[in-house]
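Enquirer: Contents of query12.tsv (TSV, C-alpha atoms and all ligand atoms) are below:
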```
chain	number	residue	atom	x	y	z
Z	235	MET	CA	8.41	-20.27	-4.21
Z	236	PHE	CA	9.06	-17.27	-1.97
Z	237	GLU	CA	11.87	-18.21	0.44
Z	238	GLY	CA	14.56	-15.57	0.49
Z	239	ARG	CA	12.77	-13.37	-2.04
Z	240	ASP	CA	12.70	-9.59	-1.85
Z	241	ILE	CA	9.35	-7.81	-2.14
Z	242	ILE	CA	10.25	-4.58	-3.93
Z	243	SER	CA	7.57	-3.91	-6.54
Z	244	ILE	CA	4.17	-5.39	-7.24
Z	245	ARG	CA	5.48	-5.78	-10.78
Z	246	ASP	CA	7.94	-8.44	-9.63
Z	247	LEU	CA	5.00	-10.66	-8.65
Z	248	THR	CA	2.92	-12.75	-11.01
Z	249	LYS	CA	-0.82	-13.15	-10.61
Z	250	LYS	CA	-0.11	-16.65	-9.27
Z	251	ASP	CA	2.31	-15.22	-6.67
Z	252	ILE	CA	-0.30	-12.70	-5.57
Z	253	GLU	CA	-2.99	-15.36	-5.29
Z	254	ALA	CA	-0.67	-17.49	-3.15
Z	255	ILE	CA	0.00	-14.55	-0.82
Z	256	LEU	CA	-3.73	-13.76	-0.58
Z	257	GLU	CA	-4.45	-17.39	0.29
Z	258	LYS	CA	-1.79	-17.39	3.00
Z	259	SER	CA	-3.20	-14.07	4.29
Z	260	GLU	CA	-6.62	-15.65	4.66
Z	261	GLU	CA	-5.02	-18.46	6.68
Z	262	MET	CA	-3.33	-15.89	8.94
Z	263	ASN	CA	-6.54	-13.90	9.26
Z	264	LYS	CA	-8.40	-17.01	10.45
Z	265	LEU	CA	-5.68	-17.72	13.01
Z	266	LEU	CA	-5.95	-14.17	14.32
Z	267	GLU	CA	-9.73	-14.42	14.52
Z	268	GLN	CA	-9.38	-17.60	16.54
Z	269	ARG	CA	-6.78	-15.82	18.71
Z	270	LYS	CA	-4.26	-18.52	17.89
Z	271	THR	CA	-0.57	-17.73	17.66
Z	272	LEU	CA	2.06	-19.29	15.48
Z	273	GLU	CA	5.65	-19.81	16.52
Z	274	ILE	CA	7.10	-19.91	13.03
Z	275	MET	CA	9.30	-16.82	13.51
Z	276	LYS	CA	10.59	-17.85	16.92
Z	277	GLY	CA	14.22	-16.75	17.21
Z	278	LYS	CA	14.00	-14.55	14.08
Z	279	ILE	CA	14.52	-10.81	14.03
Z	280	MET	CA	13.11	-8.13	11.73
Z	281	SER	CA	14.80	-4.74	11.18
Z	282	THR	CA	12.53	-1.80	10.45
Z	283	LEU	CA	14.30	1.13	8.80
Z	284	PHE	CA	11.91	4.04	8.24
Z	285	PHE	CA	13.37	7.16	6.66
Z	286	GLU	CA	9.88	8.66	6.23
Z	287	PRO	CA	6.99	8.94	8.71
Z	288	SER	CA	4.79	5.88	9.16
Z	289	THR	CA	2.08	4.64	11.48
Z	290	ARG	CA	0.33	1.68	9.86
Z	291	THR	CA	3.20	0.16	7.92
Z	292	ARG	CA	5.68	0.27	10.78
Z	293	LEU	CA	3.23	-0.85	13.47
Z	294	SER	CA	1.51	-3.56	11.46
Z	295	PHE	CA	4.82	-5.06	10.29
Z	296	SER	CA	5.97	-5.03	13.88
Z	297	SER	CA	2.70	-6.52	15.12
Z	298	ALA	CA	2.78	-9.18	12.38
Z	299	MET	CA	6.34	-10.25	13.28
Z	300	GLN	CA	5.47	-10.45	16.98
Z	301	ARG	CA	2.27	-12.38	16.30
Z	302	LEU	CA	4.52	-14.96	14.65
Z	303	ASP	CA	6.68	-15.02	17.77
Z	304	GLY	CA	9.55	-13.11	16.16
Z	305	THR	CA	11.11	-9.89	17.42
Z	306	VAL	CA	11.74	-6.48	15.92
Z	307	ILE	CA	14.63	-4.02	16.04
Z	308	ASP	CA	13.93	-0.50	14.82
Z	309	LEU	CA	16.33	2.14	13.59
Z	310	GLY	CA	14.24	4.71	15.47
Z	311	GLU	CA	14.74	8.42	15.16
Z	312	LEU	CA	17.18	9.16	12.36
Z	313	LYS	CA	18.81	11.89	14.39
Z	314	ALA	CA	19.63	9.32	17.06
Z	315	SER	CA	21.27	6.89	14.60
Z	316	ALA	CA	24.68	6.96	12.91
Z	317	LEU	CA	22.97	8.52	9.87
Z	318	ALA	CA	23.21	11.77	11.82
Z	319	LYS	CA	26.99	11.32	11.75
Z	320	GLY	CA	26.95	10.99	7.98
Z	321	GLU	CA	26.72	7.21	7.53
Z	322	ASN	CA	25.26	6.27	4.16
Z	323	LEU	CA	22.34	4.00	3.30
Z	324	ALA	CA	24.52	1.17	1.99
Z	325	ASP	CA	26.45	0.84	5.27
Z	326	THR	CA	23.22	1.04	7.27
Z	327	ILE	CA	21.80	-1.85	5.22
Z	328	ARG	CA	25.01	-3.88	5.70
Z	329	MET	CA	24.51	-3.61	9.45
Z	330	ALA	CA	20.79	-4.43	9.40
Z	331	GLU	CA	21.61	-7.49	7.31
Z	332	LYS	CA	24.01	-8.72	9.99
Z	333	TYR	CA	21.65	-8.01	12.87
Z	334	SER	CA	18.42	-9.47	11.47
Z	335	ASP	CA	16.73	-12.04	9.21
Z	336	VAL	CA	14.56	-9.66	7.20
Z	337	ILE	CA	14.64	-5.91	6.52
Z	338	VAL	CA	11.66	-3.59	6.00
Z	339	ILE	CA	12.64	-0.24	4.54
Z	340	ARG	CA	10.76	2.98	3.73
Z	341	HIS	CA	12.71	5.75	2.07
Z	342	PRO	CA	11.85	8.98	0.18
Z	343	LYS	CA	14.02	8.09	-2.80
Z	344	GLU	CA	12.58	6.01	-5.64
Z	345	GLY	CA	14.68	2.89	-6.17
Z	346	SER	CA	16.08	2.85	-2.62
Z	347	ALA	CA	14.46	-0.47	-1.69
Z	348	ARG	CA	15.85	-2.12	-4.84
Z	349	PHE	CA	19.27	-0.68	-3.94
Z	350	ALA	CA	18.98	-2.12	-0.42
Z	351	ALA	CA	17.98	-5.52	-1.83
Z	352	GLU	CA	21.06	-5.57	-4.03
Z	353	ILE	CA	23.27	-5.08	-0.98
Z	354	SER	CA	21.49	-7.44	1.41
Z	355	GLU	CA	21.56	-11.21	1.20
Z	356	LYS	CA	18.61	-11.28	3.58
Z	357	PRO	CA	15.15	-10.52	2.16
Z	358	VAL	CA	14.25	-6.84	1.83
Z	359	ILE	CA	10.63	-5.69	1.88
Z	360	ASN	CA	9.76	-2.30	0.43
Z	361	GLY	CA	7.58	-0.30	2.81
Z	362	GLY	CA	7.34	2.54	0.26
Z	363	ASP	CA	10.02	4.19	-1.90
Z	364	GLY	CA	9.18	7.80	-2.72
Z	365	ALA	CA	6.39	8.16	-5.26
Z	366	ASN	CA	7.22	4.77	-6.75
Z	367	GLN	CA	5.93	1.57	-5.12
Z	368	HIS	CA	4.29	0.20	-1.98
Z	369	PRO	CA	3.77	-3.48	-2.80
Z	370	THR	CA	2.66	-4.72	0.61
Z	371	GLN	CA	-0.05	-2.04	0.76
Z	372	THR	CA	-1.28	-3.28	-2.62
Z	373	LEU	CA	-1.46	-6.83	-1.29
Z	374	ILE	CA	-3.52	-5.54	1.65
Z	375	ASP	CA	-5.76	-3.63	-0.75
Z	376	LEU	CA	-6.30	-6.65	-3.01
Z	377	PHE	CA	-6.99	-8.85	0.02
Z	378	SER	CA	-9.49	-6.27	1.31
Z	379	ILE	CA	-11.31	-5.95	-2.02
Z	380	LYS	CA	-11.64	-9.72	-2.17
Z	381	LYS	CA	-12.97	-9.84	1.39
Z	382	PHE	CA	-15.47	-7.03	0.88
Z	383	LYS	CA	-16.62	-7.85	-2.65
Z	384	GLY	CA	-16.04	-11.60	-2.84
Z	385	LYS	CA	-13.92	-11.17	-5.98
Z	386	ILE	CA	-11.57	-8.77	-7.74
Z	387	GLU	CA	-12.05	-9.68	-11.41
Z	388	GLY	CA	-14.28	-7.46	-13.48
Z	389	LEU	CA	-14.96	-4.81	-10.82
Z	390	ASN	CA	-15.05	-1.10	-11.63
Z	391	VAL	CA	-12.48	0.56	-9.38
Z	392	ALA	CA	-12.21	4.35	-9.16
Z	393	LEU	CA	-8.76	5.58	-8.09
Z	394	LEU	CA	-9.16	9.10	-6.76
Z	395	GLY	CA	-6.89	11.92	-5.63
Z	396	ASP	CA	-3.19	12.53	-6.13
Z	397	LEU	CA	-2.60	10.00	-8.89
Z	398	LYS	CA	0.61	11.71	-9.85
Z	399	HIS	CA	2.49	11.20	-6.60
Z	400	ALA	CA	0.73	8.50	-4.54
Z	401	ARG	CA	2.77	5.28	-4.57
Z	402	VAL	CA	-0.18	3.31	-3.18
Z	403	ILE	CA	-2.14	4.19	-6.33
Z	404	LYS	CA	0.68	3.36	-8.73
Z	405	SER	CA	1.26	-0.01	-7.08
Z	406	LEU	CA	-2.43	-0.83	-6.88
Z	407	ALA	CA	-3.15	0.04	-10.52
Z	408	TYR	CA	-0.66	-2.63	-11.65
Z	409	GLY	CA	-2.02	-5.15	-9.15
Z	410	LEU	CA	-5.59	-4.54	-10.28
Z	411	ALA	CA	-4.59	-4.77	-13.94
Z	412	LEU	CA	-3.55	-8.40	-13.39
Z	413	PHE	CA	-7.11	-9.12	-12.23
Z	414	LYS	CA	-8.76	-7.51	-15.26
Z	415	VAL	CA	-10.36	-4.70	-13.34
Z	416	ASN	CA	-11.82	-1.64	-15.10
Z	417	LEU	CA	-10.13	1.51	-13.86
Z	418	ILE	CA	-11.71	4.92	-13.48
Z	419	LEU	CA	-9.05	7.54	-12.84
Z	420	VAL	CA	-10.34	10.60	-10.98
Z	421	SER	CA	-7.96	13.43	-10.12
Z	422	PRO	CA	-7.76	17.20	-9.90
Z	423	VAL	CA	-6.31	18.84	-13.01
Z	424	GLY	CA	-2.51	18.52	-12.85
Z	425	LEU	CA	-2.47	15.41	-10.64
Z	426	GLU	CA	-3.38	12.87	-13.32
Z	427	PHE	CA	-1.72	9.49	-13.67
Z	428	GLU	CA	1.45	9.56	-15.77
Z	429	LYS	CA	0.57	9.03	-19.42
Z	430	GLU	CA	3.19	6.27	-19.79
Z	431	ILE	CA	1.52	4.22	-17.06
Z	432	VAL	CA	-1.94	4.65	-18.58
Z	433	ASP	CA	-0.63	3.62	-22.00
Z	434	GLU	CA	1.21	0.64	-20.56
Z	435	LEU	CA	-1.83	-0.57	-18.60
Z	436	LYS	CA	-3.95	-0.36	-21.74
Z	437	GLU	CA	-1.45	-1.92	-24.11
Z	438	LYS	CA	0.23	-4.53	-21.97
Z	439	PHE	CA	-2.62	-5.56	-19.69
Z	440	GLY	CA	-5.62	-4.61	-21.85
Z	441	THR	CA	-7.04	-2.60	-18.95
Z	442	LYS	CA	-10.15	-0.57	-19.73
Z	443	ILE	CA	-9.49	2.93	-18.42
Z	444	THR	CA	-11.64	6.04	-18.22
Z	445	GLN	CA	-10.30	9.35	-16.93
Z	446	THR	CA	-12.14	12.32	-15.46
Z	447	ASN	CA	-11.61	15.36	-13.25
Z	448	ASP	CA	-15.21	15.20	-12.03
Z	449	ILE	CA	-15.75	13.29	-8.78
Z	450	ASN	CA	-19.48	12.64	-9.35
Z	451	ALA	CA	-18.91	11.25	-12.83
Z	452	GLY	CA	-16.00	9.21	-11.46
Z	453	ILE	CA	-17.93	7.35	-8.79
Z	454	LYS	CA	-21.16	6.84	-10.75
Z	455	ASN	CA	-20.43	3.29	-11.91
Z	456	ALA	CA	-17.76	2.38	-9.36
Z	457	ASP	CA	-17.90	-0.72	-7.14
Z	458	VAL	CA	-14.86	0.48	-5.20
Z	459	LEU	CA	-13.74	4.05	-4.58
Z	460	TYR	CA	-10.08	4.10	-3.57
Z	461	ALA	CA	-9.10	7.56	-2.35
Z	462	SER	CA	-5.65	8.98	-1.77
Z	463	ARG	CA	-4.23	11.94	0.08
Z	464	ILE	CA	-2.61	14.89	-1.67
Z	465	GLN	CA	1.07	13.97	-1.19
Z	466	LYS	CA	2.17	17.36	0.05
Z	467	GLU	CA	5.73	16.27	0.79
Z	468	ARG	CA	6.27	15.38	-2.88
Z	469	PHE	CA	5.32	18.83	-4.26
Z	470	ALA	CA	8.07	21.24	-5.22
Z	471	ASP	CA	5.78	24.06	-4.05
Z	472	PRO	CA	3.82	23.30	-0.85
Z	473	TYR	CA	1.43	26.17	-1.65
Z	474	GLU	CA	0.30	24.23	-4.75
Z	475	ALA	CA	-0.45	21.24	-2.52
Z	476	GLU	CA	-2.51	23.43	-0.17
Z	477	LYS	CA	-4.57	24.63	-3.10
Z	478	MET	CA	-5.26	21.05	-4.24
Z	479	GLN	CA	-6.05	19.86	-0.72
Z	480	ASN	CA	-9.68	20.89	-0.90
Z	481	ALA	CA	-10.24	19.91	-4.52
Z	482	TYR	CA	-12.23	16.82	-3.56
Z	483	LYS	CA	-14.11	15.92	-0.45
Z	484	ILE	CA	-15.93	12.63	-0.18
Z	485	THR	CA	-19.08	13.20	1.86
Z	486	PRO	CA	-22.10	10.94	2.55
Z	487	ASP	CA	-24.04	13.04	0.00
Z	488	VAL	CA	-21.48	12.42	-2.72
Z	489	LEU	CA	-21.57	8.69	-1.98
Z	490	GLU	CA	-25.36	8.50	-2.11
Z	491	GLU	CA	-25.04	9.33	-5.80
Z	492	GLY	CA	-23.04	6.16	-6.44
Z	493	LYS	CA	-23.97	2.47	-6.42
Z	494	ASP	CA	-25.76	1.19	-3.36
Z	495	ASN	CA	-23.02	-1.33	-2.59
Z	496	LEU	CA	-20.13	1.06	-3.28
Z	497	ILE	CA	-17.26	0.75	-0.81
Z	498	VAL	CA	-14.70	3.43	0.10
Z	499	MET	CA	-11.11	2.43	0.70
Z	500	HIS	CA	-7.99	4.46	1.58
Z	501	ALA	CA	-4.47	3.44	2.61
Z	502	LEU	CA	-4.63	6.23	5.23
Z	503	PRO	CA	-3.64	8.68	6.59
Z	504	ARG	CA	-6.55	10.77	5.32
Z	505	VAL	CA	-6.33	14.52	5.61
Z	506	ASP	CA	-9.35	16.35	4.17
Z	507	GLU	CA	-10.41	14.05	1.37
Z	508	ILE	CA	-12.84	11.91	3.38
Z	509	ASP	CA	-15.34	13.68	5.59
Z	510	TYR	CA	-15.45	12.18	9.11
Z	511	GLU	CA	-19.21	11.72	8.64
Z	512	VAL	CA	-18.42	8.99	6.10
Z	513	ASP	CA	-16.89	6.86	8.89
Z	514	LYS	CA	-20.35	6.03	10.22
Z	515	THR	CA	-21.81	5.01	6.87
Z	516	LYS	CA	-21.97	1.54	5.32
Z	517	PHE	CA	-19.57	2.71	2.61
Z	518	ALA	CA	-16.54	3.13	4.90
Z	519	LYS	CA	-14.09	0.22	4.77
Z	520	TYR	CA	-10.76	1.96	5.35
Z	521	PHE	CA	-10.27	1.07	9.00
Z	522	GLU	CA	-11.03	-2.60	8.37
Z	523	GLU	CA	-8.65	-2.42	5.41
Z	524	ALA	CA	-5.92	-1.07	7.70
Z	525	GLY	CA	-6.61	-3.92	10.13
Z	526	PHE	CA	-5.84	-6.44	7.38
Z	527	GLY	CA	-2.29	-5.06	7.40
Z	528	VAL	CA	-1.43	-7.54	10.14
Z	529	PRO	CA	-2.57	-10.86	8.56
Z	530	VAL	CA	-1.28	-9.89	5.11
Z	531	ARG	CA	2.13	-8.90	6.48
Z	532	MET	CA	2.20	-12.07	8.61
Z	533	ALA	CA	1.71	-13.99	5.36
Z	534	ILE	CA	4.48	-12.09	3.57
Z	535	ILE	CA	6.96	-12.51	6.43
Z	536	SER	CA	6.21	-16.22	6.81
Z	537	LEU	CA	6.73	-16.78	3.09
Z	538	VAL	CA	9.99	-14.89	2.56
Z	539	VAL	CA	11.95	-15.37	5.79
Z	540	GLN	CA	14.16	-18.46	5.69
Z	601	LIG	C1	0.63	5.48	2.50
Z	601	LIG	C2	2.08	5.68	2.13
Z	601	LIG	O1	2.93	5.80	3.00
Z	601	LIG	O2	2.32	5.68	0.93
Z	601	LIG	N1	0.40	5.09	3.81
Z	601	LIG	C3	0.44	3.76	4.16
Z	601	LIG	O3	1.45	3.11	4.03
Z	601	LIG	N2	-0.66	3.20	4.66
Z	601	LIG	C4	-0.30	6.52	2.05
Z	601	LIG	C5	0.07	7.98	2.17
Z	601	LIG	O4	1.02	8.36	2.84
Z	601	LIG	O5	-0.68	8.76	1.58
```
Would you mind giving the structure from this file in structure tokens?
Expert:
Amino acid sequence: MFEGRDIISIRDLTKKDIEAILEKSEEMNKLLEQRKTLEIMKGKIMSTLFFEPSTRTRLSFSSAMQRLDGTVIDLGELKASALAKGENLADTIRMAEKYSDVIVIRHPKEGSARFAAEISEKPVINGGDGANQHPTQTLIDLFSIKKFKGKIEGLNVALLGDLKHARVIKSLAYGLALFKVNLILVSPVGLEFEKEIVDELKEKFGTKITQTNDINAGIKNADVLYASRIQKERFADPYEAEKMQNAYKITPDVLEEGKDNLIVMHALPRVDEIDYEVDKTKFAKYFEEAGFGVPVRMAIISLVVQ
């Protein structure tokens, strides 16, 4: 079902595909809890090519591959690679394809992962392409919601922050739409979700969507509050980003106004949008969510690598 497949966009996956990956992730999570290791990637190599900063995606992919007894080669600092000599992306991919069994790529340009997949015979996994997609993060988010809430279907999920630029939000909205979730879109003025996406989610998936610029109204009926960082690097004018940075701050007081069993999620890194005081409350789930990066990526690797 998955062998040799690229994972480029959440939209390439059916609900059935996603459910299969979540099931495999649960298997991997149990193995990790029991401190068991699997040797299914023994002798296999993963290339990690990161053209944008990363902590969780790079480290958890690397950890996942090594937990499966595989190894990882990393392009490292761009200035220390042949890219500094003017080599292009296509040639870089051709080399990674020869040197490894699977490629994970993160790149600032939308469509770059799809481009890499067209060149490489080996599976390519998108670790984030510009403001477009981050499918493995979405799988982690769906897995986390299921773990924390026992189900995904029918929940009210508030997506908050930079809805215009955050790829984790765009990916997740489509993933959630497959599970018939009600979406509450909460953003500062000017950072709303693209109208075409909202229309498509409503028309194609029948998603119930409400939109607001008011954080209190946005979280009132939410079961899950999924926050995102202002994506400063994607603004034409960094000063505009600075101004937006303090538009919303999630504090324990704000959360007390919501449902008692509300949970707060975030792909991380957070900047100013979640007060550190929230970390100690029952609402905070973002670090556990980040931890699930390992079992979910173990599942993805084990399914696609031949
Ligand atoms: C996100 C990303 O890179 O899109 N981080 C992640 O992968 N966990 C979120 C972000 O940078 O805001």
Enquirer: Write out as an MDAnalysis selection string the residues lying within 10 Å of Ile403 (chain Z), counting all atoms listed in the file and excluding same-chain residues fewer than 4 positions away.
Expert: chainID Z and resid 365:368 371:372 393:399 407:409 427 460:462 500:501
Enquirer: Could you list, as a PyMOL selection string, all protein and nucleic acid residues with an atom at most 10 Å from ligand LIG 601 (chain Z), counting all atoms listed in the file?
Expert: chain Z and resi 286-292+294+340-342+361-372+374+396+399-403+405+461-467+500-505+523-524+527
Enquirer: Quick one: distance from CA of Ile279 (chain Z) to CA of Ser536 (chain Z) in Å, one decimal?
Expert: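 Here the two named atoms are 12.3 Å from each other.
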Enquirer: Counting all atoms listed in the file, which of Z:Glu430, Z:Gly492, Z:Pro422, Z:Asn447 gets nearest to Gln479 (chain Z)?
Expert: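 Of Z:Glu430, Z:Gly492, Z:Pro422, Z:Asn447, the one nearest Gln479 (chain Z) is Z:Pro422, counting all atoms listed in the file.
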Enquirer: Could you tell me, as a PyMOL selection string, which residues have any atom at most 10 Å from (7.7, -4.4, 8.0), counting all atoms listed in the file?
Expert: chain Z and resi 280-284+290-299+306+336-340+358-361+370+528+531-532+534-535
Enquirer: What's the separation between CA of Phe382 (chain Z) and CA of Ile274 (chain Z), in Å to one decimal place?
Expert: 28.7 Å
